[in-house]
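Novice: After the structure tokens below, expect a handful of questions from me.
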There are 2 protein chains.
Amino acid sequence: MNGRGIVYLVGAGPGDPRLITVLGRDCLRRAEVVVYDRLISDALLAEAPPEAERIFVGKAAGEHSCPQEEINALLLHHARAGRIVVRLKGGDPFVFGRGAEEALACAEAGVAWEVVPGVSSPVAVPARAGIPVTYRELAAGFAVVTGHCAEGDRQDWSVLARVETLVILMGLTRLPEIAAALLFHGRGANTPVAVIAQGTLPGEQVVVATLGTIAGDVARAGLRAPATIVVGEVVRLRERLRTAGSALDDLAQPDLEDLPHVLSFVG
Amino acid sequence: MNGRGIVYLVGAGPGDPRLITVLGRDCLRRAEVVVYDRLISDALLAEAPPEAERIFVGKAAGEHSCPQEEINALLLHHARAGRIVVRLKGGDPFVFGRGAEEALACAEAGVAWEVVPGVSSPVAVPARAGIPVTYRELAAGFAVVTGHCAEGDRQDWSVLARVETLVILMGLTRLPEIAAALLFHGRGANTPVAVIAQGTLPGEQVVVATLGTIAGDVARAGLRAPATIVVGEVVRLRERLRTAGSALDDLAQPDLEDLPHVLSFVG
């Protein structure tokens, strides 16, 4: 085995390509092979050298994604051939998405690997939509779960119903069942809920309702996956944080034009 | 009011200065005023222009930190004077640490603000220590809480005892009480626990034990705050992820010397 090969598991962040870390971008700029998922932005892929091999392993519309064993084998193959491999994953590599399985595959095969954490969607997507997951007196903690079928079925909703702020990823198609489960386990029907699609991106869409009404409102709004669901009193802060901010929309900020503005709070 | 002023609430990440986001660093490079806490690295402060005013508002040893009202007033004052203010906070600005209160102070005062999410310690610190907070079949979710006095007292430990992966920030001095509360509410004494001090930094220290023994082991090891506590079966993965990795310590990697290596898994 060529000793030079290594796999960097790099978090791409929640969507906005400027939310990758400096270290992650540095890795990408040295990559010889980039193995990436759906939802990775072209802007990030463009950071890798032109001659780097780019391998898409995500799920195209209507097709199955590359089986995990094949992805693992691909990473090992290129690292063993002595290449610098960047495995670019949405959000943080170790928050769902099987990043840890890829790390373990490397470790067990004796292939060098490192993890470069990323900005994680369950915190960043609500934040950019004006919802802090923690707030004094409202939430001294938060929980993050997946609502995705196989793992969603494992969730103990009786516990999750009692968490101050609950963030659910990959739960959009099962939102009616999730809301029903939380209501069944005693969460109040008036609990505020936000569903955010295209989070941190220019096409961001946010629907705010209550646990009792959210499923219908989201269906009517026609939101599409991936989406982030936030359940808890902190959702109410969005109105207070945004209302005041929106009043500033007409402010002239000529000197700031080239400053990184992504949020909708200010023009 | 000068329309140009703005407050950027920027997450500095978990410690390693290379884990700031590209967007966060861009903000810092344009800052006219940087308002920062304890634990912000000199390397990050050096990213701001030399002429930028740097204002420390953290807690020095044995002293009280700047009251929150004073920090809010400071941010408003400089933004109203038309300055680009970067409020640089450890981790993510909206995960504890009162970032949302600062945003609300801006919003209510009609001052423009934006949040630039950061890599959050509760995910990144364990990750860099070889512990993924989620893992198929072990944890389909995680919860993050503060163990800090006032808010720690608010926690419902009967709920938290049932969460698959529980990450506790600011809980080191109260570790004996926290462990006791989790045990009291039925979490098994053999549940693996890791406590990580100086996470993501060269001086990182990790103690791994069980819920029954962790308080004593950490006291003997003399870990100092800030520390990240991880409770759950995922802690066991560290051994599998690291053991294999450490076997690579002697690998010659001449071409990689200037690549960003921070992890202990390889050379």
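In the structure tokens, each chain is lettered A, B, ... as it comes, each chain's residues begin at 1, and ligands are numbered from 1 in order of appearance.
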Run DSSP on the backbone and grab whatever in region 35-186 of chain B lands in strand (DSSP E or B); send it over as an MDAnalysis selection string.
Specialist: chainID B and resid 35:36 53:56 84:89 91 113:116 135 139 141:146 165:169
Novice: Considering only C-alpha atoms, return as a list in words whatever protein or nucleic-acid residues lie within 9 Å of Ala127 (chain A), sequence-local ones (same chain, fewer than 5 positions apart) excluded.
Specialist: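 So, after excluding close chain neighbours, the residues are Pro122, Pro132, Val133 and Thr200 of chain A; Pro93, Phe94, Val115, Val116 and Pro117 of chain B.
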Novice: Region 53-56 of chain A: which residues within 10 Å, counting only C-alpha atoms, same-chain residues fewer than 5 positions away excluded, as a PDB file with N, CA and C atoms, in the first residue's frame?
Specialist:
```
ATOM      1  N   ALA A  31      -7.317  18.052  -2.995  1.00  0.00           N
ATOM      2  CA  ALA A  31      -7.878  16.732  -3.309  1.00  0.00           C
ATOM      3  C   ALA A  31      -7.399  16.225  -4.663  1.00  0.00           C
ATOM      4  N   GLU A  32      -7.181  14.924  -4.726  1.00  0.00           N
ATOM      5  CA  GLU A  32      -6.951  14.265  -6.013  1.00  0.00           C
ATOM      6  C   GLU A  32      -8.211  13.530  -6.463  1.00  0.00           C
ATOM      7  N   VAL A  33      -9.005  13.130  -5.478  1.00  0.00           N
ATOM      8  CA  VAL A  33     -10.296  12.497  -5.761  1.00  0.00           C
ATOM      9  C   VAL A  33     -11.324  13.113  -4.815  1.00  0.00           C
ATOM     10  N   VAL A  34     -12.468  13.519  -5.360  1.00  0.00           N
ATOM     11  CA  VAL A  34     -13.570  14.020  -4.526  1.00  0.00           C
ATOM     12  C   VAL A  34     -14.762  13.094  -4.709  1.00  0.00           C
ATOM     13  N   VAL A  35     -15.225  12.500  -3.626  1.00  0.00           N
ATOM     14  CA  VAL A  35     -16.394  11.615  -3.661  1.00  0.00           C
ATOM     15  C   VAL A  35     -17.526  12.375  -2.971  1.00  0.00           C
ATOM     16  N   TYR A  36     -18.591  12.689  -3.723  1.00  0.00           N
ATOM     17  CA  TYR A  36     -19.587  13.609  -3.173  1.00  0.00           C
ATOM     18  C   TYR A  36     -21.017  13.124  -3.373  1.00  0.00           C
ATOM     19  N   ASP A  37     -21.879  13.687  -2.529  1.00  0.00           N
ATOM     20  CA  ASP A  37     -23.295  13.333  -2.514  1.00  0.00           C
ATOM     21  C   ASP A  37     -24.120  14.331  -3.307  1.00  0.00           C
ATOM     22  N   ARG A  38     -25.411  14.028  -3.383  1.00  0.00           N
ATOM     23  CA  ARG A  38     -26.379  14.979  -3.866  1.00  0.00           C
ATOM     24  C   ARG A  38     -26.337  16.206  -2.945  1.00  0.00           C
ATOM     25  N   ILE A  40     -24.446  18.707  -2.884  1.00  0.00           N
ATOM     26  CA  ILE A  40     -23.176  19.424  -2.768  1.00  0.00           C
ATOM     27  C   ILE A  40     -23.146  20.469  -3.888  1.00  0.00           C
ATOM     28  N   LEU A  45     -17.497  22.109  -5.405  1.00  0.00           N
ATOM     29  CA  LEU A  45     -16.766  21.172  -6.280  1.00  0.00           C
ATOM     30  C   LEU A  45     -15.714  21.917  -7.088  1.00  0.00           C
ATOM     31  N   ALA A  48     -11.954  22.159  -5.827  1.00  0.00           N
ATOM     32  CA  ALA A  48     -10.956  21.104  -6.044  1.00  0.00           C
ATOM     33  C   ALA A  48     -10.172  21.435  -7.317  1.00  0.00           C
ATOM     34  N   SER A  65     -29.424   5.219  -4.707  1.00  0.00           N
ATOM     35  CA  SER A  65     -28.086   5.745  -4.484  1.00  0.00           C
ATOM     36  C   SER A  65     -27.101   4.587  -4.494  1.00  0.00           C
ATOM     37  N   CYS A  66     -25.862   4.954  -4.622  1.00  0.00           N
ATOM     38  CA  CYS A  66     -24.771   3.993  -4.593  1.00  0.00           C
ATOM     39  C   CYS A  66     -24.800   3.264  -3.242  1.00  0.00           C
ATOM     40  N   ILE A  71     -19.469   2.637  -1.785  1.00  0.00           N
ATOM     41  CA  ILE A  71     -18.811   3.905  -1.447  1.00  0.00           C
ATOM     42  C   ILE A  71     -17.572   3.623  -0.603  1.00  0.00           C
ATOM     43  N   LEU A  74     -14.829   2.280  -2.710  1.00  0.00           N
ATOM     44  CA  LEU A  74     -14.274   3.339  -3.553  1.00  0.00           C
ATOM     45  C   LEU A  74     -13.253   4.182  -2.783  1.00  0.00           C
ATOM     46  N   VAL A  85      -7.934  11.625  -0.894  1.00  0.00           N
ATOM     47  CA  VAL A  85      -9.356  11.491  -1.186  1.00  0.00           C
ATOM     48  C   VAL A  85     -10.148  12.395  -0.247  1.00  0.00           C
ATOM     49  N   VAL A  86     -11.003  13.240  -0.805  1.00  0.00           N
ATOM     50  CA  VAL A  86     -11.916  14.014   0.022  1.00  0.00           C
ATOM     51  C   VAL A  86     -13.318  13.449  -0.155  1.00  0.00           C
ATOM     52  N   ARG A  87     -13.863  12.971   0.948  1.00  0.00           N
ATOM     53  CA  ARG A  87     -15.243  12.493   0.954  1.00  0.00           C
ATOM     54  C   ARG A  87     -16.080  13.659   1.461  1.00  0.00           C
TER      55      ARG A  87
END
```
Novice: So, counting only C-alpha atoms, which residue among B:Ala73, B:Val10, B:Val125, B:Val145 is closest to chain A?
Specialist: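 Of B:Ala73, B:Val10, B:Val125, B:Val145, the one nearest chain A, counting only C-alpha atoms, is B:Val145.
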Novice: Could you work out how far CA of Glu101 (chain A) lies from CA of His148 (chain A), giving the answer in Å with one decimal?
Specialist: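 Distance reported for this atom pair: 17.7 Å.
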Novice: Please provide the set of residues having any atom within 9 Å of Ala197 (chain A), restricted to only C-alpha atoms, with same-chain residues fewer than 6 positions apart removed, written as number ranges by chain.
Specialist: A: 125, 203-207, 223-229
Novice: Grab the residues selected above and save them as an mmCIF file, in the first residue's frame with all heavy atoms.
Specialist:
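selection.cif was written with the following content:
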```
data_model
loop_
_atom_site.group_PDB
_atom_site.id
_atom_site.type_symbol
_atom_site.label_atom_id
_atom_site.label_comp_id
_atom_site.auth_asym_id
_atom_site.auth_seq_id
_atom_site.Cartn_x
_atom_site.Cartn_y
_atom_site.Cartn_z
ATOM 1 N N VAL A 125 -29.437 25.732 9.932
ATOM 2 C CA VAL A 125 -30.607 26.041 9.095
ATOM 3 C C VAL A 125 -31.647 26.845 9.892
ATOM 4 O O VAL A 125 -32.102 27.895 9.433
ATOM 5 C CB VAL A 125 -31.185 24.755 8.468
ATOM 6 C CG1 VAL A 125 -32.582 24.989 7.911
ATOM 7 C CG2 VAL A 125 -30.247 24.239 7.382
ATOM 8 N N GLY A 203 -33.111 30.059 -2.229
ATOM 9 C CA GLY A 203 -34.489 29.607 -2.383
ATOM 10 C C GLY A 203 -35.169 29.181 -1.096
ATOM 11 O O GLY A 203 -36.210 28.518 -1.132
ATOM 12 N N GLU A 204 -34.583 29.551 0.047
ATOM 13 C CA GLU A 204 -35.146 29.129 1.337
ATOM 14 C C GLU A 204 -36.651 29.388 1.442
ATOM 15 O O GLU A 204 -37.128 30.441 1.065
ATOM 16 C CB GLU A 204 -34.430 29.888 2.467
ATOM 17 C CG GLU A 204 -34.955 29.535 3.846
ATOM 18 C CD GLU A 204 -34.413 30.470 4.923
ATOM 19 O OE1 GLU A 204 -33.353 30.186 5.466
ATOM 20 O OE2 GLU A 204 -35.067 31.506 5.195
ATOM 21 N N GLN A 205 -37.382 28.381 1.957
ATOM 22 C CA GLN A 205 -38.808 28.528 2.223
ATOM 23 C C GLN A 205 -39.068 28.109 3.654
ATOM 24 O O GLN A 205 -38.560 27.074 4.099
ATOM 25 C CB GLN A 205 -39.623 27.609 1.311
ATOM 26 C CG GLN A 205 -39.767 28.084 -0.119
ATOM 27 C CD GLN A 205 -40.656 27.116 -0.876
ATOM 28 O OE1 GLN A 205 -40.210 26.043 -1.257
ATOM 29 N NE2 GLN A 205 -41.915 27.486 -1.056
ATOM 30 N N VAL A 206 -39.863 28.893 4.359
ATOM 31 C CA VAL A 206 -40.154 28.600 5.754
ATOM 32 C C VAL A 206 -41.656 28.609 5.972
ATOM 33 O O VAL A 206 -42.338 29.541 5.542
ATOM 34 C CB VAL A 206 -39.511 29.654 6.693
ATOM 35 C CG1 VAL A 206 -39.744 29.273 8.152
ATOM 36 C CG2 VAL A 206 -38.026 29.802 6.412
ATOM 37 N N VAL A 207 -42.163 27.561 6.600
ATOM 38 C CA VAL A 207 -43.562 27.537 7.006
ATOM 39 C C VAL A 207 -43.582 27.441 8.528
ATOM 40 O O VAL A 207 -42.942 26.565 9.109
ATOM 41 C CB VAL A 207 -44.314 26.331 6.389
ATOM 42 C CG1 VAL A 207 -45.731 26.237 6.959
ATOM 43 C CG2 VAL A 207 -44.354 26.447 4.876
ATOM 44 N N LEU A 223 -43.790 22.340 0.080
ATOM 45 C CA LEU A 223 -42.349 22.272 0.367
ATOM 46 C C LEU A 223 -41.777 20.948 -0.118
ATOM 47 O O LEU A 223 -42.449 19.919 -0.091
ATOM 48 C CB LEU A 223 -42.088 22.393 1.869
ATOM 49 C CG LEU A 223 -42.405 23.717 2.553
ATOM 50 C CD1 LEU A 223 -41.734 23.765 3.915
ATOM 51 C CD2 LEU A 223 -41.976 24.899 1.717
ATOM 52 N N ARG A 224 -40.538 21.002 -0.541
ATOM 53 C CA ARG A 224 -39.882 19.776 -0.993
ATOM 54 C C ARG A 224 -38.635 19.472 -0.171
ATOM 55 O O ARG A 224 -37.955 20.380 0.316
ATOM 56 C CB ARG A 224 -39.527 19.895 -2.469
ATOM 57 C CG ARG A 224 -40.808 19.836 -3.334
ATOM 58 C CD ARG A 224 -40.500 19.555 -4.770
ATOM 59 N NE ARG A 224 -39.588 20.560 -5.310
ATOM 60 C CZ ARG A 224 -39.274 20.640 -6.588
ATOM 61 N NH1 ARG A 224 -39.777 19.772 -7.450
ATOM 62 N NH2 ARG A 224 -38.451 21.568 -7.023
ATOM 63 N N ALA A 225 -38.347 18.196 -0.040
ATOM 64 C CA ALA A 225 -37.179 17.751 0.726
ATOM 65 C C ALA A 225 -35.910 18.227 0.026
ATOM 66 O O ALA A 225 -35.928 18.419 -1.198
ATOM 67 C CB ALA A 225 -37.191 16.230 0.849
ATOM 68 N N PRO A 226 -34.797 18.395 0.747
ATOM 69 C CA PRO A 226 -34.668 18.182 2.189
ATOM 70 C C PRO A 226 -35.207 19.371 2.989
ATOM 71 O O PRO A 226 -35.114 20.506 2.545
ATOM 72 C CB PRO A 226 -33.161 18.072 2.382
ATOM 73 C CG PRO A 226 -32.585 18.920 1.309
ATOM 74 C CD PRO A 226 -33.522 18.787 0.144
ATOM 75 N N ALA A 227 -35.738 19.053 4.142
ATOM 76 C CA ALA A 227 -36.260 20.103 5.002
ATOM 77 C C ALA A 227 -35.860 19.827 6.454
ATOM 78 O O ALA A 227 -35.582 18.687 6.822
ATOM 79 C CB ALA A 227 -37.777 20.181 4.889
ATOM 80 N N THR A 228 -35.825 20.899 7.219
ATOM 81 C CA THR A 228 -35.497 20.823 8.637
ATOM 82 C C THR A 228 -36.739 21.217 9.417
ATOM 83 O O THR A 228 -37.340 22.247 9.136
ATOM 84 C CB THR A 228 -34.340 21.797 8.957
ATOM 85 O OG1 THR A 228 -33.218 21.460 8.139
ATOM 86 C CG2 THR A 228 -33.932 21.725 10.418
ATOM 87 N N ILE A 229 -37.110 20.368 10.368
ATOM 88 C CA ILE A 229 -38.308 20.616 11.178
ATOM 89 C C ILE A 229 -37.864 21.021 12.583
ATOM 90 O O ILE A 229 -37.033 20.341 13.184
ATOM 91 C CB ILE A 229 -39.176 19.336 11.255
ATOM 92 C CG1 ILE A 229 -39.565 18.862 9.841
ATOM 93 C CG2 ILE A 229 -40.410 19.567 12.119
ATOM 94 C CD1 ILE A 229 -40.140 17.439 9.795
#
```
Novice: Using only C-alpha atoms, can you tell me which of A:Val235, A:Leu23, A:Ala194, A:Ile214 comes closest to chain B?
Specialist: A:Leu23
Novice: Tell me which of A:His77, A:Arg242, A:Lys89, A:Arg30 sits closest to Gly13 (chain A), counting only C-alpha atoms.
Specialist: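 Closest to Gly13 (chain A) of all the choices is A:Lys89.
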Novice: Please identify all polymer residues within 9 Å of Glu102 (chain A), counting only C-alpha atoms, omitting same-chain residues fewer than 6 positions from it, and present them as an mmCIF file with N, CA, C and O atoms, in the first residue's frame.
Specialist:
```
data_model
loop_
_atom_site.group_PDB
_atom_site.id
_atom_site.type_symbol
_atom_site.label_atom_id
_atom_site.label_comp_id
_atom_site.auth_asym_id
_atom_site.auth_seq_id
_atom_site.Cartn_x
_atom_site.Cartn_y
_atom_site.Cartn_z
ATOM 1 N N LEU A 9 -12.775 12.964 5.613
ATOM 2 C CA LEU A 9 -14.240 13.069 5.659
ATOM 3 C C LEU A 9 -14.564 14.514 5.993
ATOM 4 O O LEU A 9 -14.389 14.953 7.136
ATOM 5 N N GLN A 68 -23.816 1.629 0.239
ATOM 6 C CA GLN A 68 -22.766 2.090 1.138
ATOM 7 C C GLN A 68 -21.485 1.264 0.989
ATOM 8 O O GLN A 68 -20.382 1.807 1.045
ATOM 9 N N ILE A 71 -19.469 2.637 -1.785
ATOM 10 C CA ILE A 71 -18.811 3.905 -1.447
ATOM 11 C C ILE A 71 -17.572 3.623 -0.603
ATOM 12 O O ILE A 71 -16.486 4.152 -0.863
ATOM 13 N N ASN A 72 -17.737 2.765 0.403
ATOM 14 C CA ASN A 72 -16.589 2.412 1.242
ATOM 15 C C ASN A 72 -15.454 1.850 0.387
ATOM 16 O O ASN A 72 -14.286 2.230 0.549
ATOM 17 N N LEU A 75 -13.613 4.534 -1.561
ATOM 18 C CA LEU A 75 -12.711 5.341 -0.732
ATOM 19 C C LEU A 75 -11.413 4.577 -0.480
ATOM 20 O O LEU A 75 -10.306 5.118 -0.623
#
```
Novice: Just give me the gap between CA of Ala129 (chain B) and CA of Val95 (chain A) in Å, one decimal is fine.
Specialist: 14.7 Å
Novice: Do you know which residues are at most 10 Å from Leu160 (chain B) counting only C-alpha atoms, after dropping those on the same chain fewer than 2 positions away, and could you put them as a ChimeraX atom specification?
Specialist: /A:143,159-160,162-163 /B:142-145,155-158,162-167,181-182,185,187
Novice: Limited to C-alpha atoms, could you put the picked residues into a file as a tab-separated table (two decimals), in the first residue's frame?
Specialist:
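So part-v2.tsv came out as:
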```
chain	number	residue	atom	x	y	z
A	143	ALA	CA	-32.31	17.18	20.44
A	159	VAL	CA	-39.03	10.92	25.11
A	160	LEU	CA	-38.74	13.32	22.17
A	162	ARG	CA	-40.60	16.15	26.19
A	163	VAL	CA	-37.47	17.75	24.76
B	142	PHE	CA	-28.55	13.03	20.02
B	143	ALA	CA	-29.37	15.70	22.55
B	144	VAL	CA	-27.26	18.63	23.65
B	145	VAL	CA	-27.74	20.34	26.99
B	155	GLN	CA	-32.97	20.05	32.89
B	156	ASP	CA	-35.35	17.16	33.08
B	157	TRP	CA	-32.85	14.39	33.69
B	158	SER	CA	-35.58	11.75	33.55
B	162	ARG	CA	-33.40	8.06	27.89
B	163	VAL	CA	-31.71	9.86	24.99
B	164	GLU	CA	-29.39	7.61	22.95
B	165	THR	CA	-26.47	10.04	22.76
B	166	LEU	CA	-26.39	12.83	25.32
B	167	VAL	CA	-23.82	15.62	25.02
B	181	ALA	CA	-29.03	12.12	38.14
B	182	LEU	CA	-28.72	9.95	35.04
B	185	HIS	CA	-33.32	7.97	36.32
B	187	ARG	CA	-29.42	4.94	32.81
```
Novice: Which is closest to chain B among A:Ala12, A:Ile20, A:Ile6, A:Ala161, if we use only C-alpha atoms?
Specialist: A:Ile20
